Amino acid sequence: MKVLLIGSGGREHALAWKLAQSPLLETLYAAPGNPGIAECATLISLDIDDHAAVAAFCKANGVTFVVVGPEAPLVAGMADELRAADIDVFGPSAAAAQLEGSKGFTKDLCAKYDIPTGAYQRFTDAAAAKAYVEREGAPIVIKADGLAAGKGVTVAMTLGEALAAVDDCFDGAFGAAGAEVVVEAFLDGEEASFFCLCDGANALPLASAQDHKRVGDGDTGPNTGGMGAYSPAPVMTPDMVARTMKEIIEPTIRGMAADGHAFQGVLFAGLMITAKGPELIEYNVRFGDPECQVLMMRLESDLLPILHAAATGRLDTVSASWRDAAALTVVMASKGYPGAYEKNTPIRALPADDAVSKVFHAGTALKDGQLVATGGRVLNVTAVAPTVAEAQKAAYQALDRVEWDNGFCRRDIGWRAIAREKA
């Protein structure tokens, strides 16, 4: 099978690395890719915003399956155009991708189909949003409705912080994504990420992970796209997984199909495990980043036929098996992230991959033969071991062999799970 992978981040490097191991794979192309992806795929110079050009490349090169990594092309309708050209694609239609493309769409779906989530209101006017915030009080959550690269959410612990977040959205801090704002109740509990493949009717639960959104140790500082993750998440017990499937995932799949937006792809449920059980914070319609990196390290099964089954309505014919081991990844980011940071800083050396650890490239490029950091989140140093504590130790040992003066990381990734292991 000839496959095209869309994307250029750490998530896509992890997917490329796993797809490249498939005996069913003939050729793996990637657009635009990165230097890490280039080690396991042929990079193609394609404008991924030009969906017709992507389809034309596939037709000209015998590509029969496209795996879309990031959310923006899905929200923009890439999957629709590829399917119209009779090309199998892993990823939802633009209509189904509204689950991530619009926070309000998802909250309305939850209300319609009785899916547990925080109470909310939608606003297109700053004054009305502020009046609601002042009535409800803090803590409260302010979300830009549209795609904001993981940065459009403020968990406001004070009224002042909440009102400022409303102003940020309507003043254009998140561009068009902030033209509508969702204000929702603060959910108290422990967060977890849960992943499930869907083919429009069937669901295949994958695995759980736990992300670390705050930039600083001890979960301090502003939210980021994610500073590290581990899998599995101990809070996702077998009972909690069963409840999540029954109360959240399955009603979503049925509801989307009933509303004419059958969902094909991966449902990434951001959950809060509260005293009442699992509640939905938000949906993403692609693998998490950096959660994908730890999932791929733990997945024993061949990824390619599983993704293709989801894309072609045959998910009931496949299964996924997982290593019992834990996996943990630490994000190395450019100093200053999630604010302004210097670009094109040199990365002089990376540790060699081995049976325990691997470095996934996220925001890197080659300039005159030198590996440089081009993004905010740049490297994902990942390790697998019998326990989270051992995986953490191995990941940081590998990370400390990275030679990059402008990089920084959190030093406490996995702290919740490790505290449980010691208890």
# chains A, B, ... in the order shown; residues from 1 in each chain; ligands from 1
call {"tool": "closest_atom_pairs", "arguments": {"of": "range 264-366 of chain A", "to": "range 101-104 of chain A", "cutoff": "10 Å", "atoms": "only C-alpha atoms", "output": "CSV"}}
result
residue,atom,partner,partner_atom,distance
A:Ile281,CA,A:Lys103,CA,9.7
A:Glu282,CA,A:Lys103,CA,7.2
A:Tyr283,CA,A:Lys103,CA,8.3
A:Asn284,CA,A:Gly101,CA,8.4
A:Val285,CA,A:Gly101,CA,8.8
call {"tool": "closest_atom_pairs", "arguments": {"of": "range 196-251 of chain A", "to": "range 70-90 of chain A", "cutoff": "12 Å", "atoms": "only C-alpha atoms", "output": "Markdown table"}}
result
| residue | atom | partner | partner_atom | distance |
| --- | --- | --- | --- | --- |
| A:Leu197 | CA | A:Phe90 | CA | 10.0 |
| A:Cys198 | CA | A:Phe90 | CA | 10.0 |
| A:Asp199 | CA | A:Phe90 | CA | 9.3 |
| A:Gly200 | CA | A:Phe90 | CA | 11.7 |
call {"tool": "atom_distance", "arguments": {"atom1": "CA of Trp404 in chain A", "atom2": "CA of Ile37 in chain A"}}
result
19.8 Å
call {"tool": "select_by_dssp", "arguments": {"residues": "range 200-295 of chain A", "states": "helix (DSSP H, G or I)", "output": "number ranges by chain"}}
result
A: 238-258, 291-295
call {"tool": "write_last_selection", "arguments": {"atoms": "N, CA and C atoms", "output": "compact mmCIF listing (two decimals), in the first residue's frame"}}
result
# COMPACT_ATOMS: atom_id res chain seq x y z
N PRO A 238 -10.29 0.15 34.47
CA PRO A 238 -11.22 -0.54 33.55
C PRO A 238 -12.66 -0.06 33.70
N ASP A 239 -13.10 0.20 34.93
CA ASP A 239 -14.46 0.70 35.14
C ASP A 239 -14.64 2.07 34.52
N MET A 240 -13.61 2.95 34.67
CA MET A 240 -13.72 4.31 34.13
C MET A 240 -13.71 4.28 32.60
N VAL A 241 -12.93 3.37 32.02
CA VAL A 241 -12.92 3.21 30.56
C VAL A 241 -14.30 2.76 30.07
N ALA A 242 -14.89 1.79 30.76
CA ALA A 242 -16.21 1.28 30.38
C ALA A 242 -17.26 2.39 30.46
N ARG A 243 -17.19 3.19 31.52
CA ARG A 243 -18.14 4.30 31.67
C ARG A 243 -17.94 5.35 30.58
N THR A 244 -16.67 5.63 30.25
CA THR A 244 -16.38 6.61 29.21
C THR A 244 -16.94 6.17 27.87
N MET A 245 -16.78 4.89 27.56
CA MET A 245 -17.33 4.37 26.30
C MET A 245 -18.86 4.48 26.30
N LYS A 246 -19.49 4.06 27.38
CA LYS A 246 -20.96 4.00 27.44
C LYS A 246 -21.60 5.39 27.53
N GLU A 247 -21.00 6.27 28.34
CA GLU A 247 -21.64 7.55 28.65
C GLU A 247 -21.22 8.67 27.72
N ILE A 248 -20.03 8.55 27.10
CA ILE A 248 -19.49 9.67 26.31
C ILE A 248 -19.26 9.28 24.85
N ILE A 249 -18.42 8.26 24.61
CA ILE A 249 -18.04 7.93 23.23
C ILE A 249 -19.22 7.40 22.41
N GLU A 250 -19.90 6.38 22.92
CA GLU A 250 -20.97 5.75 22.14
C GLU A 250 -22.13 6.71 21.85
N PRO A 251 -22.58 7.52 22.83
CA PRO A 251 -23.63 8.49 22.49
C PRO A 251 -23.17 9.53 21.46
N THR A 252 -21.88 9.86 21.48
CA THR A 252 -21.35 10.81 20.50
C THR A 252 -21.41 10.21 19.10
N ILE A 253 -20.97 8.95 18.96
CA ILE A 253 -20.97 8.30 17.64
C ILE A 253 -22.40 8.17 17.13
N ARG A 254 -23.32 7.75 18.00
CA ARG A 254 -24.73 7.63 17.58
C ARG A 254 -25.31 8.99 17.22
N GLY A 255 -25.02 9.99 18.04
CA GLY A 255 -25.56 11.32 17.80
C GLY A 255 -25.03 11.95 16.52
N MET A 256 -23.74 11.80 16.28
CA MET A 256 -23.17 12.36 15.05
C MET A 256 -23.79 11.70 13.82
N ALA A 257 -23.96 10.38 13.87
CA ALA A 257 -24.57 9.67 12.74
C ALA A 257 -26.02 10.11 12.55
N ALA A 258 -26.76 10.23 13.65
CA ALA A 258 -28.15 10.64 13.57
C ALA A 258 -28.31 12.05 13.01
N GLU A 291 0.53 13.13 23.24
CA GLU A 291 0.01 11.81 23.64
C GLU A 291 0.25 10.74 22.58
N CYS A 292 0.18 11.12 21.32
CA CYS A 292 0.38 10.15 20.24
C CYS A 292 1.73 9.45 20.36
N GLN A 293 2.73 10.20 20.79
CA GLN A 293 4.08 9.64 20.87
C GLN A 293 4.14 8.48 21.87
N VAL A 294 3.47 8.63 23.01
CA VAL A 294 3.51 7.53 23.99
C VAL A 294 2.59 6.39 23.57
N LEU A 295 1.49 6.69 22.88
CA LEU A 295 0.62 5.62 22.40
C LEU A 295 1.35 4.76 21.38
call {"tool": "closest_residue", "arguments": {"among": "A:Thr64, A:Asn202, A:Ser301, A:Ser93", "to": "Leu28 in chain A", "atoms": "only C-alpha atoms"}}
result
A:Thr64
call {"tool": "select_by_dssp", "arguments": {"residues": "range 213-348 of chain A", "states": "strand (DSSP E or B)", "output": "NGL selection string"}}
result
:A and (214-216 or 220-223 or 228-231 or 264-274 or 277-284 or 299 or 322 or 326-334 or 345-346)
call {"tool": "write_last_selection", "arguments": {"atoms": "C-alpha atoms", "output": "tab-separated table (two decimals), in the first residue's frame"}}
result
chain	number	residue	atom	x	y	z
A	214	ARG	CA	1.11	24.02	32.03
A	215	VAL	CA	4.55	25.24	31.06
A	216	GLY	CA	6.18	24.97	34.50
A	220	THR	CA	2.36	26.23	37.05
A	221	GLY	CA	2.39	28.98	34.45
A	222	PRO	CA	0.35	29.41	31.26
A	223	ASN	CA	-1.22	26.63	29.23
A	228	GLY	CA	4.86	15.98	28.18
A	229	ALA	CA	2.65	12.93	28.58
A	230	TYR	CA	2.58	9.35	29.76
A	231	SER	CA	0.47	6.28	29.05
A	264	GLN	CA	-14.62	8.48	10.90
A	265	GLY	CA	-11.19	8.88	12.43
A	266	VAL	CA	-9.87	9.16	15.96
A	267	LEU	CA	-11.92	10.66	18.76
A	268	PHE	CA	-9.61	12.16	21.36
A	269	ALA	CA	-11.70	12.84	24.43
A	270	GLY	CA	-10.26	15.26	26.94
A	271	LEU	CA	-11.84	14.09	30.18
A	272	MET	CA	-12.16	15.32	33.74
A	273	ILE	CA	-12.59	12.46	36.18
A	274	THR	CA	-14.82	14.06	38.80
A	277	GLY	CA	-17.37	10.02	37.03
A	278	PRO	CA	-16.00	10.95	33.60
A	279	GLU	CA	-17.09	14.29	32.14
A	280	LEU	CA	-16.12	15.63	28.72
A	281	ILE	CA	-13.94	18.74	28.66
A	282	GLU	CA	-13.55	18.78	24.87
A	283	TYR	CA	-13.09	16.62	21.80
A	284	ASN	CA	-10.22	16.63	19.37
A	299	LEU	CA	1.11	-0.14	20.50
A	322	TRP	CA	-0.77	-2.97	23.76
A	326	ALA	CA	4.45	2.48	30.48
A	327	ALA	CA	5.66	5.12	28.05
A	328	LEU	CA	6.58	8.72	28.89
A	329	THR	CA	7.59	11.66	26.71
A	330	VAL	CA	9.15	14.97	27.69
A	331	VAL	CA	8.77	17.99	25.40
A	332	MET	CA	11.84	20.14	24.85
A	333	ALA	CA	10.68	23.63	23.89
A	334	SER	CA	12.36	26.85	22.80
A	345	THR	CA	18.74	27.98	17.04
A	346	PRO	CA	21.21	25.10	16.48
call {"tool": "atom_distance", "arguments": {"atom1": "CA of Val235 in chain A", "atom2": "CA of Glu300 in chain A"}}
result
22.3 Å
call {"tool": "atom_distance", "arguments": {"atom1": "CA of Gly137 in chain A", "atom2": "CA of Asp114 in chain A"}}
result
24.9 Å
call {"tool": "closest_residue", "arguments": {"among": "A:Leu25, A:Val372, A:Val388, A:Val182", "to": "Ile140 in chain A", "atoms": "only C-alpha atoms"}}
result
A:Val182
call {"tool": "closest_residue", "arguments": {"among": "A:Pro35, A:Gly69, A:Pro92, A:Gly339", "to": "Ala310 in chain A", "atoms": "only C-alpha atoms"}}
result
A:Pro92
call {"tool": "closest_residue", "arguments": {"among": "A:Ala383, A:Ala41, A:Leu163, A:Ala131", "to": "Val3 in chain A", "atoms": "only C-alpha atoms"}}
result
A:Ala41
call {"tool": "closest_residue", "arguments": {"among": "A:Leu99, A:Ile347, A:Leu379, A:Ala275", "to": "Phe360 in chain A", "atoms": "only C-alpha atoms"}}
result
A:Leu379
